[in-house]
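Data file: coords.cif. Format and content: mmCIF, C-alpha atoms and all ligand atoms.
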data_upload
loop_
_atom_site.label_atom_id
_atom_site.label_comp_id
_atom_site.auth_asym_id
_atom_site.auth_seq_id
_atom_site.Cartn_x
_atom_site.Cartn_y
_atom_site.Cartn_z
CA MET A 1 22.31 51.03 210.16
CA ASN A 2 25.08 48.62 209.16
CA ASN A 3 23.83 46.50 206.25
CA GLY A 4 20.41 46.34 207.90
CA ALA A 5 21.75 44.32 210.86
CA LYS A 6 20.98 45.56 214.34
CA ARG A 7 23.98 45.99 216.62
CA ARG A 8 23.97 43.60 219.59
CA VAL A 9 23.88 45.57 222.83
CA GLY A 10 24.62 44.46 226.38
CA ILE A 11 23.55 46.63 229.31
CA LEU A 12 25.26 46.59 232.71
CA ILE A 13 23.41 47.87 235.77
CA SER A 14 23.78 47.84 239.54
CA GLY A 15 20.39 49.08 240.71
CA ARG A 16 16.86 50.01 239.73
CA GLY A 17 17.52 50.15 236.00
CA SER A 18 15.33 53.06 234.92
CA ASN A 19 17.83 54.05 232.20
CA MET A 20 17.97 50.44 231.08
CA LEU A 21 14.18 50.49 230.76
CA SER A 22 14.27 53.65 228.65
CA LEU A 23 16.69 51.87 226.30
CA ILE A 24 14.54 48.73 226.22
CA GLU A 25 11.52 50.85 225.28
CA ALA A 26 13.42 52.72 222.56
CA ALA A 27 14.81 49.50 221.10
CA LYS A 28 11.25 48.24 220.53
CA ALA A 29 10.95 50.58 217.54
CA PRO A 30 11.37 48.46 214.39
CA ASP A 31 13.89 50.85 212.88
CA PHE A 32 16.04 51.22 216.02
CA PRO A 33 19.58 50.20 214.96
CA ALA A 34 20.34 48.15 218.10
CA GLN A 35 18.85 45.15 219.86
CA ILE A 36 19.40 44.45 223.53
CA VAL A 37 20.69 40.92 223.86
CA ALA A 38 21.61 40.73 227.56
CA VAL A 39 21.38 42.67 230.81
CA GLY A 40 24.00 41.97 233.46
CA SER A 41 24.79 43.18 236.94
CA ASN A 42 27.50 42.98 239.56
CA LYS A 43 24.66 42.74 242.10
CA PRO A 44 22.45 39.65 241.87
CA GLU A 45 19.74 41.49 243.82
CA ALA A 46 19.59 44.51 241.47
CA LYS A 47 15.96 45.47 240.91
CA GLY A 48 16.67 46.15 237.24
CA LEU A 49 17.55 42.49 236.59
CA GLU A 50 14.04 41.50 237.62
CA THR A 51 12.58 44.21 235.39
CA ALA A 52 14.68 43.06 232.42
CA SER A 53 13.77 39.46 232.97
CA LYS A 54 10.03 40.33 233.12
CA GLU A 55 10.51 42.12 229.81
CA GLY A 56 11.82 38.84 228.39
CA PHE A 57 15.55 39.65 228.23
CA ALA A 58 18.40 37.30 229.10
CA THR A 59 19.98 38.42 232.37
CA PHE A 60 23.09 37.44 234.31
CA ALA A 61 24.86 38.44 237.49
CA VAL A 62 28.58 38.34 238.21
CA ASP A 63 28.72 39.09 241.93
CA HIS A 64 31.81 41.21 242.54
CA LYS A 65 31.77 40.30 246.24
CA LEU A 66 32.78 36.74 245.39
CA TYR A 67 36.08 37.98 243.92
CA GLY A 68 37.41 39.91 246.91
CA LYS A 69 40.04 42.37 245.73
CA ASP A 70 40.68 40.61 242.43
CA ARG A 71 39.03 43.12 240.10
CA GLU A 72 40.48 41.59 236.97
CA ALA A 73 39.14 38.11 237.76
CA PHE A 74 35.70 39.67 238.23
CA GLU A 75 36.05 41.55 234.95
CA ARG A 76 37.29 38.52 233.02
CA ASP A 77 34.11 36.67 234.03
CA LEU A 78 31.98 39.68 233.17
CA ASP A 79 33.71 39.98 229.83
CA ALA A 80 33.18 36.26 229.16
CA LYS A 81 29.41 36.62 229.78
CA LEU A 82 29.23 39.51 227.35
CA ARG A 83 31.14 37.59 224.70
CA GLU A 84 28.94 34.51 225.23
CA ASN A 85 26.05 36.75 224.20
CA ASN A 86 28.00 38.16 221.24
CA VAL A 87 27.67 41.67 222.60
CA GLU A 88 29.08 44.30 220.24
CA LEU A 89 28.21 47.49 222.11
CA LEU A 90 28.28 47.81 225.86
CA VAL A 91 26.04 50.27 227.68
CA LEU A 92 26.65 51.13 231.33
CA ALA A 93 23.42 52.27 232.96
CA GLY A 94 24.01 52.94 236.64
CA PHE A 95 26.78 50.33 236.79
CA LEU A 96 28.61 51.17 239.99
CA ARG A 97 31.98 49.43 239.61
CA LEU A 98 35.19 51.11 238.61
CA LEU A 99 36.62 49.35 235.57
CA THR A 100 40.29 48.50 235.16
CA PRO A 101 42.29 49.60 232.11
CA TRP A 102 42.23 45.97 230.97
CA PHE A 103 38.43 45.89 230.73
CA VAL A 104 38.23 49.36 229.23
CA HIS A 105 40.74 48.29 226.60
CA GLN A 106 38.61 45.25 225.65
CA TRP A 107 35.65 47.55 224.97
CA GLN A 108 37.45 50.69 223.83
CA GLY A 109 35.24 52.72 221.50
CA ARG A 110 32.36 50.28 222.04
CA MET A 111 31.36 51.11 225.64
CA ILE A 112 29.23 54.09 226.67
CA ASN A 113 28.10 55.45 230.02
CA ILE A 114 25.64 57.98 231.38
CA HIS A 115 26.77 60.37 234.06
CA PRO A 116 24.33 62.55 236.03
CA ALA A 117 26.09 65.89 235.44
CA LEU A 118 27.23 68.10 232.61
CA LEU A 119 30.77 66.80 232.15
CA PRO A 120 33.50 67.83 232.58
CA SER A 121 31.88 69.38 235.67
CA PHE A 122 31.13 67.14 238.62
CA THR A 123 32.84 63.89 237.77
CA GLY A 124 32.47 61.21 240.43
CA LEU A 125 29.74 60.80 243.03
CA HIS A 126 27.07 63.02 244.67
CA THR A 127 26.74 65.19 241.60
CA HIS A 128 23.38 66.73 242.54
CA GLU A 129 24.46 67.73 246.06
CA ARG A 130 27.64 69.23 244.65
CA ALA A 131 25.78 71.13 241.92
CA LEU A 132 23.59 72.69 244.62
CA THR A 133 26.55 73.51 246.86
CA GLU A 134 28.44 75.13 243.99
CA GLY A 135 25.40 77.17 243.02
CA VAL A 136 25.34 76.33 239.32
CA ARG A 137 22.19 77.49 237.51
CA ILE A 138 22.30 74.70 234.93
CA HIS A 139 22.83 71.01 235.62
CA GLY A 140 22.18 67.91 233.56
CA ALA A 141 23.42 64.60 232.22
CA THR A 142 26.06 63.38 229.78
CA VAL A 143 26.44 60.26 227.66
CA HIS A 144 30.07 59.54 226.83
CA PHE A 145 32.44 56.86 225.65
CA VAL A 146 34.23 55.15 228.51
CA THR A 147 37.99 55.58 228.73
CA ALA A 148 40.43 54.50 231.42
CA GLU A 149 39.97 57.73 233.37
CA MET A 150 36.60 57.89 235.12
CA ASP A 151 33.91 60.19 233.62
CA VAL A 152 36.31 61.66 231.08
CA GLY A 153 35.61 60.01 227.68
CA PRO A 154 34.45 61.70 224.45
CA ILE A 155 30.99 63.21 224.88
CA ILE A 156 28.17 61.91 222.68
CA ALA A 157 25.09 63.67 224.06
CA GLN A 158 24.17 66.10 226.81
CA GLY A 159 20.94 67.37 228.28
CA ALA A 160 20.49 70.33 230.60
CA VAL A 161 17.96 71.33 233.26
CA PRO A 162 17.63 74.51 235.31
CA VAL A 163 18.52 74.48 239.00
CA LEU A 164 15.58 75.98 240.89
CA ASP A 165 15.65 77.95 244.14
CA GLY A 166 13.81 75.37 246.22
CA ASP A 167 15.73 72.37 244.88
CA THR A 168 16.84 69.52 247.09
CA PRO A 169 19.29 66.92 245.77
CA ASP A 170 16.37 64.54 245.25
CA ALA A 171 14.26 67.08 243.35
CA LEU A 172 17.19 67.94 241.13
CA ALA A 173 18.04 64.25 240.61
CA ALA A 174 14.46 63.58 239.46
CA ARG A 175 14.63 66.44 236.93
CA VAL A 176 17.99 65.20 235.63
CA LEU A 177 16.72 61.62 235.42
CA GLU A 178 14.00 62.66 232.96
CA VAL A 179 16.74 64.09 230.75
CA GLU A 180 18.80 60.90 231.13
CA HIS A 181 15.88 58.85 229.87
CA ARG A 182 15.60 61.14 226.86
CA ILE A 183 19.25 61.39 225.82
CA TYR A 184 20.46 57.83 226.40
CA PRO A 185 18.30 56.26 223.67
CA ILE A 186 19.24 59.07 221.26
CA ALA A 187 22.94 58.55 221.97
CA LEU A 188 22.71 54.77 221.60
CA GLU A 189 20.86 55.16 218.34
CA ALA A 190 23.61 57.44 217.02
CA VAL A 191 26.39 55.07 218.06
CA ALA A 192 24.65 51.91 216.87
CA SER A 193 23.90 53.45 213.50
CA GLY A 194 27.66 53.75 212.93
CA LYS A 195 27.55 57.51 212.38
CA VAL A 196 29.56 58.40 215.48
CA HIS A 197 33.32 58.72 215.23
CA ILE A 198 35.79 59.53 217.97
CA SER A 199 38.34 62.20 217.20
CA GLY A 200 40.50 62.87 220.24
CA LEU A 201 38.15 63.98 222.98
CA ARG A 202 35.53 65.01 220.44
CA VAL A 203 32.79 63.01 218.83
CA LYS A 204 31.90 63.64 215.19
CA ILE A 205 28.65 62.63 213.58
CA ASP A 206 28.47 61.64 209.89
CA ASN A 207 26.16 63.01 207.25
CA SER A 208 24.88 66.33 208.43
CA GLU A 209 26.40 69.28 210.18
CA HIS A 210 23.02 69.65 211.92
CA GLU A 211 22.75 66.03 213.00
CA GLY A 212 24.46 66.80 216.29
CA ASP A 213 21.54 69.02 217.31
CA SER A 214 19.48 66.02 218.29
CA LEU A 215 22.21 65.04 220.74
CA ILE A 216 21.55 68.13 222.85
CA ALA A 217 18.38 68.03 224.94
C1 LIG B 301 21.55 57.41 237.01
O1 LIG B 301 21.36 58.65 237.61
C2 LIG B 301 22.82 57.39 236.21
O2 LIG B 301 23.13 58.60 235.63
C3 LIG B 301 23.84 57.06 237.27
O3 LIG B 301 23.21 56.14 238.12
C4 LIG B 301 21.79 56.33 238.06
C5 LIG B 301 21.19 55.02 237.66
O4 LIG B 301 19.79 55.04 237.70
N1 LIG B 301 25.06 56.60 236.67
P1 LIG B 301 18.96 53.85 237.03
O5 LIG B 301 19.46 52.55 237.65
O6 LIG B 301 19.17 53.90 235.56
O7 LIG B 301 17.53 54.12 237.41
#
Show the structure stored in the file as structure tokens.
Amino acid sequence: MNNGAKRRVGILISGRGSNMLSLIEAAKAPDFPAQIVAVGSNKPEAKGLETASKEGFATFAVDHKLYGKDREAFERDLDAKLRENNVELLVLAGFLRLLTPWFVHQWQGRMINIHPALLPSFTGLHTHERALTEGVRIHGATVHFVTAEMDVGPIIAQGAVPVLDGDTPDALAARVLEVEHRIYPIALEAVASGKVHISGLRVKIDNSEHEGDSLIA
């Protein structure tokens, strides 16, 4: 941890917020190196906002629909909310808006995302359906730094699950979601502790050559 101070984390969601909740739970540990200071959404009706608020967290909504096609105006307001809360690290947890290079630049190296596939396979949407169609035997989830290109940033943690014969997209999604809830807190802990360094497309972890093992589930 940096001089004993917890890093200030903002979480952005668009929906139910189960990953957000896994991070909230993890951050309750006294030695967790990050504290969640705000949860925001582009959808005022997102279920996760209610959950966060019940848990006692400050929440905000910046409704993208009010901005029409002006993505940057939406993002400037979002960015302002995060800065108001002195957010240092930004965690996207099911945040379903594409971000412009301007926003990505503001948070470069300080913004992470979880994607429900083993990147670089299956970027984009409908990952579970596509994994079944393609017949892969292993599927999973990836936590990565966000860069201007979607689902392409340096990989921090990955977790894998088997694809089973009788799987439907929903069954596979549920298996992957359990992995998401396991790896996201581990990845945030690694980043917030200051041990994670970006080197090109690779992520390096300080201290131990074995430390990276905990980032594979
Ligand atoms: C997760 O599957 C995440 O990987 C994807 O969107 C989903 C969000 O679920 N980006 P939740 O809102 O965290 O429950």
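Closest approach to A:Gly200 among A:Val152, A:Ala34, A:Leu82, A:Leu119: A:Val152, based on only C-alpha atoms.
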task = Within 10 Å of ligand LIG 301 (chain B), which residues show up when you count only C-alpha atoms and all ligand atoms? List them as an MDAnalysis selection string, please.
result = chainID A and resid 12:23 46:48 92:96 113:117 124:125 127:128 140:143 173:174 176:181 184
ask   = In Å, how far is it from atom CA of A:Arg83 to atom CA of A:Pro44?
value = 19.4 Å
task = Around the point (22.7, 52.7, 213.0) in the file's coordinates, collect all residues with an atom within 8 Å, using only C-alpha atoms, and return them as a PyMOL selection string.
result = chain A and resi 1-2+6-7+32-34+189-195
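Atom CA of A:Met150 is found 19.2 Å from atom CA of A:Asp70.
Atom CA of A:Ala148 is positioned 20.1 Å from atom CA of A:Ser41.
For the set A:Ile11, A:Val146, A:Ala80, A:Ala26, the residue with the smallest atom-to-atom gap to A:Ile198 is A:Val146, counting all atoms listed in the file.
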request  = May I ask which of the residues A:Val196, A:Ala131, A:Leu89, A:Met111 is the closest one to A:Pro169, counting all atoms listed in the file?
outcome  = A:Ala131
task = Quick one: everything within 8 Å of A:Ile155, counting all atoms listed in the file, minus sequence neighbours fewer than 6 positions away in the same chain. Send it as a list of chain:residue names.
result = A:Thr142, A:Val143, A:His144, A:Phe145, A:Leu201, A:Arg202, A:Val203
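For A:Ala52, the non-local neighbours within 8 Å, defined as residues at least 6 positions apart in the same chain or in other chains and counting all atoms listed in the file, are Leu21, Val39, Ala58 and Thr59 of chain A.
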query = Neighbours of A:Val9 within 6 Å (all atoms listed in the file; same-chain residues fewer than 2 positions away dropped), as a PyMOL selection string?
reply = chain A and resi 35-37+87-90
request  = Could you tell me which of A:Leu172, A:Ile138, A:Val104, A:Ile112 comes closest to A:Ala160 if we count all atoms listed in the file?
outcome  = A:Ile138
For A:Leu215: contacts at 9 Å, only C-alpha atoms, fewer than 5 positions along chain excluded, given as an MDAnalysis selection string = chainID A and resid 156:159 183 186:187 190
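Distances here use all atoms listed in the file; by that measure, the residue among A:Ser53, A:Leu188, A:Leu132, A:Asp206 closest to A:Gly166 is A:Leu132.
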